[in-house]
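For reference, the structure discussed in these notes is given below.
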Amino acid sequence: NVMRWAGQFSNPDGDVLQSREDTTISGRAVTLVEMTGEYRGMGTAPAQPDTTMFAAIIELPGDEQLFIKMTGPRAAMTGLADGWDALITSMYAE
């Protein structure tokens, strides 16, 4: 999914994948990513310039995964980064 999400972005100034971290939260394997660039999404809507996506993939029991994503203008997302981190690190799944 990380590569598919990256394919929804373009960035002439460099790589769209700004960061990727594999960690453990509440005993669950979690992949955290941040991407920035022109976001095209999956549909036919006009591309959104200067967009950032925060995403988390949480491994659940039974080979299931939970996907949480937040996308918006880079300026707004920068101000939401601490809240995003607090949300993800407070996550608990049984």
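Residue numbers start at 1 in each chain; chains themselves are named A, B, ... in the order of the structure tokens; ligands are numbered from 1 in the order shown.
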Excluding range 64-70 of chain A and residues on its chain fewer than 4 positions from it, collect all residues at most 7 Å away from it, counting only C-alpha atoms, and give them as a list in words.
-> Met53, Phe54, Ala55, Ala56, Ile57, Ile58, Glu59 and Leu60 of chain A
With all heavy atoms retained, export the selected residues as a short mmCIF file (atom, residue, chain, number, x, y, z; two decimals), in the first residue's frame.
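Saved to again24.cif:
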```cif
data_model
loop_
_atom_site.label_atom_id
_atom_site.label_comp_id
_atom_site.auth_asym_id
_atom_site.auth_seq_id
_atom_site.Cartn_x
_atom_site.Cartn_y
_atom_site.Cartn_z
N MET A 53 0.55 13.70 3.08
CA MET A 53 -0.22 12.59 3.61
C MET A 53 0.55 11.98 4.78
O MET A 53 1.73 11.69 4.65
CB MET A 53 -0.46 11.50 2.57
CG MET A 53 -1.13 10.24 3.15
SD MET A 53 -1.14 8.83 2.00
CE MET A 53 -2.34 9.39 0.82
N PHE A 54 -0.13 11.80 5.90
CA PHE A 54 0.36 10.99 7.00
C PHE A 54 -0.43 9.69 6.94
O PHE A 54 -1.66 9.72 6.78
CB PHE A 54 0.11 11.64 8.36
CG PHE A 54 0.78 12.96 8.58
CD1 PHE A 54 0.14 13.96 9.28
CD2 PHE A 54 2.07 13.20 8.13
CE1 PHE A 54 0.75 15.17 9.52
CE2 PHE A 54 2.69 14.42 8.36
CZ PHE A 54 2.03 15.41 9.06
N ALA A 55 0.23 8.55 7.07
CA ALA A 55 -0.48 7.27 7.02
C ALA A 55 0.16 6.29 7.99
O ALA A 55 1.36 6.35 8.27
CB ALA A 55 -0.45 6.69 5.61
N ALA A 56 -0.69 5.40 8.51
CA ALA A 56 -0.24 4.34 9.40
C ALA A 56 -0.87 3.03 8.97
O ALA A 56 -2.06 2.99 8.63
CB ALA A 56 -0.63 4.65 10.85
N ILE A 57 -0.08 1.98 8.97
CA ILE A 57 -0.57 0.63 8.72
C ILE A 57 -0.32 -0.16 10.00
O ILE A 57 0.83 -0.32 10.41
CB ILE A 57 0.16 -0.05 7.53
CG1 ILE A 57 0.02 0.80 6.28
CG2 ILE A 57 -0.38 -1.46 7.31
CD1 ILE A 57 0.89 0.34 5.12
N ILE A 58 -1.39 -0.62 10.62
CA ILE A 58 -1.30 -1.33 11.89
C ILE A 58 -1.63 -2.80 11.66
O ILE A 58 -2.68 -3.12 11.09
CB ILE A 58 -2.27 -0.71 12.93
CG1 ILE A 58 -1.89 0.76 13.17
CG2 ILE A 58 -2.25 -1.50 14.23
CD1 ILE A 58 -3.01 1.70 13.00
N GLU A 59 -0.70 -3.67 12.07
CA GLU A 59 -0.90 -5.11 11.93
C GLU A 59 -1.82 -5.59 13.06
O GLU A 59 -1.58 -5.32 14.23
CB GLU A 59 0.43 -5.85 12.00
CG GLU A 59 1.43 -5.44 10.92
CD GLU A 59 0.98 -5.78 9.51
OE1 GLU A 59 0.25 -6.78 9.34
OE2 GLU A 59 1.36 -5.04 8.58
N LEU A 60 -2.89 -6.30 12.69
CA LEU A 60 -3.86 -6.81 13.64
C LEU A 60 -3.81 -8.34 13.66
O LEU A 60 -3.23 -8.95 12.76
CB LEU A 60 -5.26 -6.34 13.26
CG LEU A 60 -5.48 -4.83 13.24
CD1 LEU A 60 -6.87 -4.49 12.73
CD2 LEU A 60 -5.27 -4.23 14.62
#
```
Non-local contacts of Gly7 in chain A (9 Å; only C-alpha atoms; under 5 positions in same chain excluded) as a ChimeraX atom specification | /A:2,16,40-41
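Take CA of Asn1 in chain A and CA of Arg20 in chain A: the distance between them is 12.5 Å.
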Which residues come within 7 Å of Asp22 in chain A, counting only C-alpha atoms, excluding same-chain residues fewer than 3 positions away, as a list in words?
->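 Residues meeting the cut-off are Val30, Thr31 and Leu32 of chain A.
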List every residue of range 8-90 of chain A that DSSP, applied to the backbone of this structure, places in strand (DSSP E or B), and write the result as a compact mmCIF listing (two decimals) with N, CA, C and O atoms, in the first residue's frame.
```
# COMPACT_ATOMS: atom_id res chain seq x y z
N PHE A 9 1.12 10.41 -5.84
CA PHE A 9 1.81 11.70 -5.70
C PHE A 9 2.85 11.85 -6.81
O PHE A 9 3.36 10.86 -7.33
N SER A 10 3.19 13.09 -7.12
CA SER A 10 4.36 13.38 -7.94
C SER A 10 5.07 14.56 -7.29
O SER A 10 4.44 15.40 -6.65
N LEU A 17 8.17 10.24 -0.92
CA LEU A 17 8.21 9.59 0.38
C LEU A 17 9.20 10.34 1.27
O LEU A 17 10.40 10.24 1.11
N GLN A 18 8.67 11.13 2.20
CA GLN A 18 9.50 11.94 3.09
C GLN A 18 10.07 11.13 4.24
O GLN A 18 11.18 11.37 4.69
N SER A 19 9.26 10.18 4.74
CA SER A 19 9.75 9.33 5.82
C SER A 19 8.95 8.04 5.86
O SER A 19 7.79 8.00 5.45
N ARG A 20 9.61 7.00 6.36
CA ARG A 20 8.98 5.70 6.60
C ARG A 20 9.62 5.12 7.85
O ARG A 20 10.85 5.07 7.94
N GLU A 21 8.79 4.70 8.78
CA GLU A 21 9.29 4.14 10.03
C GLU A 21 8.49 2.89 10.37
O GLU A 21 7.26 2.91 10.36
N ASP A 22 9.19 1.81 10.66
CA ASP A 22 8.57 0.59 11.16
C ASP A 22 8.81 0.57 12.66
O ASP A 22 9.95 0.64 13.11
N THR A 23 7.71 0.48 13.43
CA THR A 23 7.81 0.55 14.88
C THR A 23 6.80 -0.39 15.51
O THR A 23 6.06 -1.09 14.80
N THR A 24 6.74 -0.41 16.82
CA THR A 24 5.75 -1.18 17.56
C THR A 24 5.02 -0.24 18.50
O THR A 24 5.64 0.54 19.22
N ILE A 25 3.69 -0.30 18.46
CA ILE A 25 2.85 0.50 19.33
C ILE A 25 1.83 -0.43 19.97
O ILE A 25 1.12 -1.16 19.25
N ARG A 28 1.75 -3.93 18.70
CA ARG A 28 1.41 -4.15 17.29
C ARG A 28 2.47 -3.55 16.38
O ARG A 28 2.95 -2.43 16.63
N ALA A 29 2.82 -4.27 15.33
CA ALA A 29 3.72 -3.72 14.32
C ALA A 29 2.99 -2.62 13.56
O ALA A 29 1.85 -2.80 13.14
N VAL A 30 3.66 -1.48 13.41
CA VAL A 30 3.05 -0.32 12.75
C VAL A 30 4.06 0.26 11.76
O VAL A 30 5.23 0.42 12.09
N THR A 31 3.60 0.57 10.57
CA THR A 31 4.40 1.28 9.58
C THR A 31 3.82 2.69 9.46
O THR A 31 2.63 2.85 9.21
N LEU A 32 4.67 3.69 9.67
CA LEU A 32 4.28 5.09 9.58
C LEU A 32 4.96 5.72 8.37
O LEU A 32 6.17 5.53 8.17
N VAL A 33 4.21 6.46 7.57
CA VAL A 33 4.79 7.12 6.41
C VAL A 33 4.29 8.55 6.31
O VAL A 33 3.21 8.88 6.79
N GLU A 34 5.13 9.37 5.68
CA GLU A 34 4.75 10.74 5.34
C GLU A 34 5.16 10.98 3.90
O GLU A 34 6.29 10.65 3.49
N MET A 35 4.23 11.52 3.09
CA MET A 35 4.49 11.81 1.68
C MET A 35 4.08 13.24 1.39
O MET A 35 3.12 13.75 1.97
N THR A 36 4.82 13.88 0.48
CA THR A 36 4.50 15.26 0.10
C THR A 36 4.72 15.43 -1.40
O THR A 36 5.65 14.87 -1.96
N GLY A 37 3.83 16.19 -2.01
CA GLY A 37 3.94 16.49 -3.44
C GLY A 37 2.59 16.87 -3.99
O GLY A 37 1.68 17.27 -3.26
N GLU A 38 2.45 16.73 -5.30
CA GLU A 38 1.17 16.97 -5.96
C GLU A 38 0.36 15.68 -5.85
O GLU A 38 0.78 14.64 -6.35
N TYR A 39 -0.78 15.76 -5.20
CA TYR A 39 -1.60 14.58 -4.92
C TYR A 39 -2.69 14.44 -5.98
O TYR A 39 -3.49 15.35 -6.18
N GLN A 48 -4.02 18.03 -6.46
CA GLN A 48 -3.89 18.97 -5.36
C GLN A 48 -2.41 19.26 -5.15
O GLN A 48 -1.67 18.38 -4.72
N PRO A 49 -1.94 20.49 -5.45
CA PRO A 49 -0.52 20.80 -5.28
C PRO A 49 -0.14 20.91 -3.80
O PRO A 49 -0.99 21.17 -2.95
N ASP A 50 1.14 20.70 -3.52
CA ASP A 50 1.73 20.93 -2.20
C ASP A 50 0.90 20.25 -1.09
O ASP A 50 0.49 20.89 -0.13
N THR A 51 0.68 18.96 -1.24
CA THR A 51 -0.14 18.18 -0.33
C THR A 51 0.72 17.20 0.45
O THR A 51 1.69 16.66 -0.08
N THR A 52 0.35 16.97 1.70
CA THR A 52 1.04 16.01 2.55
C THR A 52 0.06 14.93 2.99
O THR A 52 -1.11 15.22 3.25
N MET A 53 0.55 13.70 3.08
CA MET A 53 -0.22 12.59 3.61
C MET A 53 0.55 11.98 4.78
O MET A 53 1.73 11.69 4.65
N PHE A 54 -0.13 11.80 5.90
CA PHE A 54 0.36 10.99 7.00
C PHE A 54 -0.43 9.69 6.94
O PHE A 54 -1.66 9.72 6.78
N ALA A 55 0.23 8.55 7.07
CA ALA A 55 -0.48 7.27 7.02
C ALA A 55 0.16 6.29 7.99
O ALA A 55 1.36 6.35 8.27
N ALA A 56 -0.69 5.40 8.51
CA ALA A 56 -0.24 4.34 9.40
C ALA A 56 -0.87 3.03 8.97
O ALA A 56 -2.06 2.99 8.63
N ILE A 57 -0.08 1.98 8.97
CA ILE A 57 -0.57 0.63 8.72
C ILE A 57 -0.32 -0.16 10.00
O ILE A 57 0.83 -0.32 10.41
N ILE A 58 -1.39 -0.62 10.62
CA ILE A 58 -1.30 -1.33 11.89
C ILE A 58 -1.63 -2.80 11.66
O ILE A 58 -2.68 -3.12 11.09
N GLU A 59 -0.70 -3.67 12.07
CA GLU A 59 -0.90 -5.11 11.93
C GLU A 59 -1.82 -5.59 13.06
O GLU A 59 -1.58 -5.32 14.23
N LEU A 60 -2.89 -6.30 12.69
CA LEU A 60 -3.86 -6.81 13.64
C LEU A 60 -3.81 -8.34 13.66
O LEU A 60 -3.23 -8.95 12.76
N GLU A 64 -4.77 -9.40 9.57
CA GLU A 64 -5.54 -8.23 9.13
C GLU A 64 -4.72 -6.97 9.37
O GLU A 64 -3.79 -6.97 10.16
N GLN A 65 -5.09 -5.91 8.67
CA GLN A 65 -4.40 -4.63 8.81
C GLN A 65 -5.43 -3.51 8.94
O GLN A 65 -6.50 -3.56 8.35
N LEU A 66 -5.07 -2.50 9.70
CA LEU A 66 -5.87 -1.29 9.83
C LEU A 66 -5.08 -0.16 9.18
O LEU A 66 -3.90 0.03 9.48
N PHE A 67 -5.72 0.57 8.28
CA PHE A 67 -5.09 1.68 7.58
C PHE A 67 -5.71 2.98 8.06
O PHE A 67 -6.93 3.13 8.05
N ILE A 68 -4.87 3.92 8.48
CA ILE A 68 -5.33 5.24 8.89
C ILE A 68 -4.53 6.26 8.07
O ILE A 68 -3.30 6.21 8.07
N LYS A 69 -5.24 7.15 7.36
CA LYS A 69 -4.57 8.15 6.53
C LYS A 69 -5.18 9.52 6.79
O LYS A 69 -6.36 9.63 7.06
N MET A 70 -4.35 10.54 6.66
CA MET A 70 -4.79 11.92 6.76
C MET A 70 -4.05 12.71 5.69
O MET A 70 -2.82 12.66 5.61
N THR A 71 -4.80 13.42 4.85
CA THR A 71 -4.21 14.13 3.72
C THR A 71 -4.73 15.56 3.70
O THR A 71 -5.92 15.78 3.94
N GLY A 72 -3.85 16.51 3.41
CA GLY A 72 -4.28 17.90 3.31
C GLY A 72 -3.14 18.79 2.84
O GLY A 72 -2.03 18.32 2.59
N PRO A 73 -3.40 20.10 2.73
CA PRO A 73 -2.36 21.04 2.31
C PRO A 73 -1.17 20.96 3.28
O PRO A 73 -1.36 20.85 4.50
```
Length of the CA of Met42 in chain A to CA of Gly62 in chain A vector [Å] =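 Between these atoms lies a distance of 28.0 Å.
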